[in-house]
Every structure is written in structure tokens, then in C-alpha cells.
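See below for coords_36.pdb, which holds PDB, C-alpha atoms.
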```
MODEL        1
ATOM      1  CA  MET H1201      74.561  62.427 128.328  1.00  0.00           C
ATOM      2  CA  THR H1202      76.606  64.978 126.386  1.00  0.00           C
ATOM      3  CA  ARG H1203      79.462  64.012 124.209  1.00  0.00           C
ATOM      4  CA  THR H1204      82.284  66.413 123.567  1.00  0.00           C
ATOM      5  CA  GLU H1205      83.848  66.219 120.149  1.00  0.00           C
ATOM      6  CA  PRO H1206      87.576  66.887 119.970  1.00  0.00           C
ATOM      7  CA  ALA H1207      88.367  70.320 118.712  1.00  0.00           C
ATOM      8  CA  GLY H1208      89.646  70.444 115.156  1.00  0.00           C
ATOM      9  CA  PRO H1209      92.722  72.357 114.079  1.00  0.00           C
ATOM     10  CA  ALA H1210      92.692  76.070 114.750  1.00  0.00           C
ATOM     11  CA  PRO H1211      91.341  78.048 111.817  1.00  0.00           C
ATOM     12  CA  GLU H1212      94.049  79.428 109.569  1.00  0.00           C
ATOM     13  CA  ARG H1213      94.770  83.081 110.194  1.00  0.00           C
ATOM     14  CA  ARG H1214      94.709  85.330 107.138  1.00  0.00           C
ATOM     15  CA  VAL H1215      97.523  87.849 107.338  1.00  0.00           C
ATOM     16  CA  LEU H1216      98.246  90.851 105.121  1.00  0.00           C
ATOM     17  CA  LEU H1217     101.733  92.325 104.709  1.00  0.00           C
ATOM     18  CA  ASP H1218     101.611  96.092 104.273  1.00  0.00           C
ATOM     19  CA  GLU H1219     103.783  97.617 101.569  1.00  0.00           C
ATOM     20  CA  SER H1220     106.107  98.941 104.292  1.00  0.00           C
ATOM     21  CA  VAL H1221     107.163  95.353 105.064  1.00  0.00           C
ATOM     22  CA  PRO H1222     109.551  93.279 102.861  1.00  0.00           C
ATOM     23  CA  HIS H1223     107.701  90.638 100.812  1.00  0.00           C
ATOM     24  CA  ASP H1224     110.259  87.994 101.778  1.00  0.00           C
ATOM     25  CA  LEU H1225     108.887  88.030 105.312  1.00  0.00           C
ATOM     26  CA  LEU H1226     106.045  85.788 104.149  1.00  0.00           C
ATOM     27  CA  LEU H1227     108.598  82.993 103.608  1.00  0.00           C
ATOM     28  CA  HIS H1228     109.091  82.922 107.393  1.00  0.00           C
ATOM     29  CA  LEU H1229     105.388  82.802 108.267  1.00  0.00           C
ATOM     30  CA  GLY H1230     104.521  79.417 106.789  1.00  0.00           C
ATOM     31  CA  GLU H1231     101.869  78.457 109.323  1.00  0.00           C
ATOM     32  CA  PHE H1232      99.715  81.432 108.298  1.00  0.00           C
ATOM     33  CA  ASP H1233      97.834  82.322 105.119  1.00  0.00           C
ATOM     34  CA  VAL H1234      99.896  85.394 104.164  1.00  0.00           C
ATOM     35  CA  VAL H1235      99.296  87.731 101.227  1.00  0.00           C
ATOM     36  CA  THR H1236     100.875  91.045 100.311  1.00  0.00           C
ATOM     37  CA  VAL H1237      99.216  94.345  99.512  1.00  0.00           C
ATOM     38  CA  GLN H1238     100.895  94.224  96.088  1.00  0.00           C
ATOM     39  CA  THR H1239      99.591  90.714  95.310  1.00  0.00           C
ATOM     40  CA  LEU H1240      96.032  91.866  95.971  1.00  0.00           C
ATOM     41  CA  GLY H1241      96.493  94.964  93.816  1.00  0.00           C
ATOM     42  CA  TRP H1242      96.104  97.264  96.825  1.00  0.00           C
ATOM     43  CA  ALA H1243      99.473  99.066  96.579  1.00  0.00           C
ATOM     44  CA  GLY H1244      99.143 102.788  97.196  1.00  0.00           C
ATOM     45  CA  MET H1245      95.827 102.408  99.019  1.00  0.00           C
ATOM     46  CA  LYS H1246      95.334 104.800 101.953  1.00  0.00           C
ATOM     47  CA  ASN H1247      95.389 103.168 105.392  1.00  0.00           C
ATOM     48  CA  GLY H1248      91.671 103.567 106.137  1.00  0.00           C
ATOM     49  CA  ALA H1249      90.675 102.044 102.801  1.00  0.00           C
ATOM     50  CA  LEU H1250      93.271  99.307 103.263  1.00  0.00           C
ATOM     51  CA  LEU H1251      91.854  98.299 106.649  1.00  0.00           C
ATOM     52  CA  CYS H1252      88.336  98.248 105.208  1.00  0.00           C
ATOM     53  CA  ALA H1253      89.388  96.184 102.183  1.00  0.00           C
ATOM     54  CA  ALA H1254      91.305  93.773 104.418  1.00  0.00           C
ATOM     55  CA  ARG H1255      88.288  93.243 106.668  1.00  0.00           C
ATOM     56  CA  GLU H1256      86.001  92.697 103.683  1.00  0.00           C
ATOM     57  CA  ALA H1257      88.480  90.166 102.247  1.00  0.00           C
ATOM     58  CA  GLY H1258      88.415  88.131 105.465  1.00  0.00           C
ATOM     59  CA  ILE H1259      91.889  89.158 106.584  1.00  0.00           C
ATOM     60  CA  GLN H1260      92.255  89.143 110.364  1.00  0.00           C
ATOM     61  CA  ILE H1261      95.735  90.645 110.798  1.00  0.00           C
ATOM     62  CA  LEU H1262      97.698  93.436 109.116  1.00  0.00           C
ATOM     63  CA  ILE H1263     101.471  93.528 109.615  1.00  0.00           C
ATOM     64  CA  THR H1264     103.034  96.946 109.085  1.00  0.00           C
ATOM     65  CA  ALA H1265     106.186  98.909 109.852  1.00  0.00           C
ATOM     66  CA  ASP H1266     104.130 102.131 109.869  1.00  0.00           C
ATOM     67  CA  ARG H1267     104.322 103.184 113.520  1.00  0.00           C
ATOM     68  CA  ARG H1268     101.798 105.973 112.983  1.00  0.00           C
ATOM     69  CA  MET H1269      98.919 103.857 111.673  1.00  0.00           C
ATOM     70  CA  GLU H1270      97.552 102.989 115.108  1.00  0.00           C
ATOM     71  CA  TYR H1271      97.278 106.710 115.928  1.00  0.00           C
ATOM     72  CA  GLN H1272      95.764 107.696 112.586  1.00  0.00           C
ATOM     73  CA  GLN H1273      93.160 104.915 112.341  1.00  0.00           C
ATOM     74  CA  ASN H1274      90.557 103.540 114.730  1.00  0.00           C
ATOM     75  CA  ILE H1275      92.034 100.043 115.023  1.00  0.00           C
ATOM     76  CA  PRO H1276      89.598  98.801 117.716  1.00  0.00           C
ATOM     77  CA  LYS H1277      86.719  99.398 115.278  1.00  0.00           C
ATOM     78  CA  SER H1278      88.593  98.370 112.116  1.00  0.00           C
ATOM     79  CA  GLY H1279      87.711  94.680 112.242  1.00  0.00           C
ATOM     80  CA  VAL H1280      91.407  93.819 111.872  1.00  0.00           C
ATOM     81  CA  ALA H1281      94.273  93.230 114.312  1.00  0.00           C
ATOM     82  CA  LEU H1282      97.327  95.416 113.717  1.00  0.00           C
ATOM     83  CA  VAL H1283     100.875  94.151 114.314  1.00  0.00           C
ATOM     84  CA  VAL H1284     103.521  96.869 114.144  1.00  0.00           C
ATOM     85  CA  LEU H1285     107.128  95.840 113.516  1.00  0.00           C
ATOM     86  CA  GLU H1286     109.587  98.036 115.379  1.00  0.00           C
ATOM     87  CA  ALA H1287     112.924  97.304 113.762  1.00  0.00           C
ATOM     88  CA  ARG H1288     115.895  99.540 112.993  1.00  0.00           C
ATOM     89  CA  SER H1289     114.895  99.517 109.331  1.00  0.00           C
ATOM     90  CA  THR H1290     112.633  97.556 106.999  1.00  0.00           C
ATOM     91  CA  ARG H1291     115.551  95.566 105.565  1.00  0.00           C
ATOM     92  CA  MET H1292     115.176  91.801 106.025  1.00  0.00           C
ATOM     93  CA  ALA H1293     118.403  91.718 108.043  1.00  0.00           C
ATOM     94  CA  ASP H1294     116.731  93.969 110.645  1.00  0.00           C
ATOM     95  CA  ILE H1295     113.325  92.244 110.452  1.00  0.00           C
ATOM     96  CA  LEU H1296     114.521  88.617 110.760  1.00  0.00           C
ATOM     97  CA  PRO H1297     115.365  88.850 114.498  1.00  0.00           C
ATOM     98  CA  LEU H1298     111.702  89.794 115.085  1.00  0.00           C
ATOM     99  CA  VAL H1299     110.276  86.644 113.452  1.00  0.00           C
ATOM    100  CA  PRO H1300     109.918  84.472 116.607  1.00  0.00           C
ATOM    101  CA  ALA H1301     108.124  87.289 118.473  1.00  0.00           C
ATOM    102  CA  LEU H1302     106.096  88.086 115.356  1.00  0.00           C
ATOM    103  CA  VAL H1303     104.887  84.487 115.039  1.00  0.00           C
ATOM    104  CA  ALA H1304     103.850  84.523 118.709  1.00  0.00           C
ATOM    105  CA  ALA H1305     102.042  87.834 118.179  1.00  0.00           C
ATOM    106  CA  LEU H1306     100.207  86.483 115.134  1.00  0.00           C
ATOM    107  CA  ARG H1307      99.072  83.422 117.065  1.00  0.00           C
ATOM    108  CA  SER H1308      97.557  85.532 119.848  1.00  0.00           C
ATOM    109  CA  ALA H1309      96.374  88.591 117.901  1.00  0.00           C
ATOM    110  CA  ARG H1310      92.748  89.565 118.398  1.00  0.00           C
ATOM    111  CA  VAL H1311      90.700  91.689 116.042  1.00  0.00           C
ATOM    112  CA  GLY H1312      90.874  95.331 117.144  1.00  0.00           C
ATOM    113  CA  ASP H1313      94.126  94.953 119.072  1.00  0.00           C
ATOM    114  CA  VAL H1314      97.446  96.617 118.325  1.00  0.00           C
ATOM    115  CA  THR H1315     100.581  94.614 119.065  1.00  0.00           C
ATOM    116  CA  ARG H1316     104.087  96.023 118.767  1.00  0.00           C
ATOM    117  CA  VAL H1317     106.882  93.579 117.984  1.00  0.00           C
ATOM    118  CA  ALA H1318     110.426  94.642 118.826  1.00  0.00           C
ATOM    119  CA  VAL H1319     113.680  92.900 119.686  1.00  0.00           C
TER     120      VAL H1319
ENDMDL
END
```
Entire entry expressed as C-alpha cells:
Amino acid sequence: MTRTEPAGPAPERRVLLDESVPHDLLLHLGEFDVVTVQTLGWAGMKNGALLCAAREAGIQILITADRRMEYQQNIPKSGVALVVLEARSTRMADILPLVPALVAALRSARVGDVTRVAV
């Protein structure tokens, strides 16, 4: 006879905010473990090195407003999921309407995938 144990809570997703994204966005992502590039001392790091450092730090998802990153880096082999914010600007007023779709994208993001979030 096999006994199935109830599944525990989903593991917390570690999320990194790129320097192209306003820091205040992390205030709207409370269910995730969110850190910023600046907090980790990674400001100014090139994208390839940033993806590598993120993977090595156990970060699963990178949020960026850099629409070129997915074409310049090999995201499927990066070990990180990439979420690209497509807003009019990187001002919080333009980013806030994306938050519900962003939260949904973060919940379903898979390592190696690129997800675009737009209004």
C-alpha cells in the first residue's frame, strides 16, 4: 500500500530585477523572493555575465525591460527564465499596469523560457 503525502507549499521563486527595471517594482511582487542587480553589487555587469551570476546564485527568473537581451543571449541554455517588460517607458506609472500579468508570468516561468509581458 502506498501512501501519498500532501504536497507542501510551492518553492519560493528567486527573482532578479535588472537595472533597466525600477526598484519599486519589488514592492508589488511580495509572493516572490525578489532582489535587485544593485543590491547584489552586479550593476554594470554585461548581460552574459549577469545571467551566469544569476544562475550560480540560485536565481530562477530575470525581469528586464531590455527587449534585445533575448536576441543577444542564449536564454534556453542560460539556466534562467527571462521575463521582458514591454511598457511605454520604465517609469513606475507605465510598469504598474503590467503587474497582474507579470505575477502570472512569474508563477508559470520555466528556466530557459522567454516571456514578454505587455498591456
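Around stretch 1241-1245 of chain H, within 10 Å and counting only C-alpha atoms, the residues found are Asp1218, Glu1219, Thr1236, Val1237, Ala1249, Leu1250, Leu1251, Ala1253 and Ala1254 of chain H, once anything fewer than 4 positions away on its own chain is removed.
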Result set of the PyMOL selection byres ((chain H and resi 1297) around 12) on the coordinates above, as a ChimeraX atom specification:
/H:1225,1228,1285-1296,1298-1303,1317-1319
Using the chain letters and numbering of this document, enumerate as a ChimeraX atom specification the residues selected by the PyMOL selection byres ((chain H and resi 1311) around 12).
/H:1213-1215,1251,1254-1255,1258-1262,1274-1283,1306-1310,1312-1315
Determine the nearest neighbour of H:Arg1268 from the options H:Phe1232, H:Ala1305, H:Asn1247, H:Pro1222, counting all atoms listed in the file.
H:Asn1247
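With atom CA of H:Ile1263 on one side and atom CA of H:Ser1220 on the other, the separation reads 8.9 Å.
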Correct to one decimal, the distance atom CA of H:Leu1240-atom CA of H:Glu1256 is 12.7 Å
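In terms of minimum interatomic distance to H:Ala1304, H:Arg1316 ranks closest within H:His1223, H:Asp1233, H:Ala1265, H:Arg1316, counting only C-alpha atoms.
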Could you work out an axis-aligned box for stretch 1219-1233 of chain H, taking every atom the file lists and adding 8 Å on each side, and report centre and edge lengths in Å to one decimal, as AutoDock Vina command-line options?
```
--center_x 104.0 --center_y 88.7 --center_z 105.1 --size_x 28.4 --size_y 36.5 --size_z 24.5
```
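We find atom CA of H:Glu1231 and atom CA of H:Tyr1271 to be spaced 29.4 Å apart.
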With all atoms listed in the file as the basis for distance, which of H:Cys1252, H:Leu1227, H:Val1234, H:Val1221 is at the shortest distance from H:Gln1273?
H:Cys1252
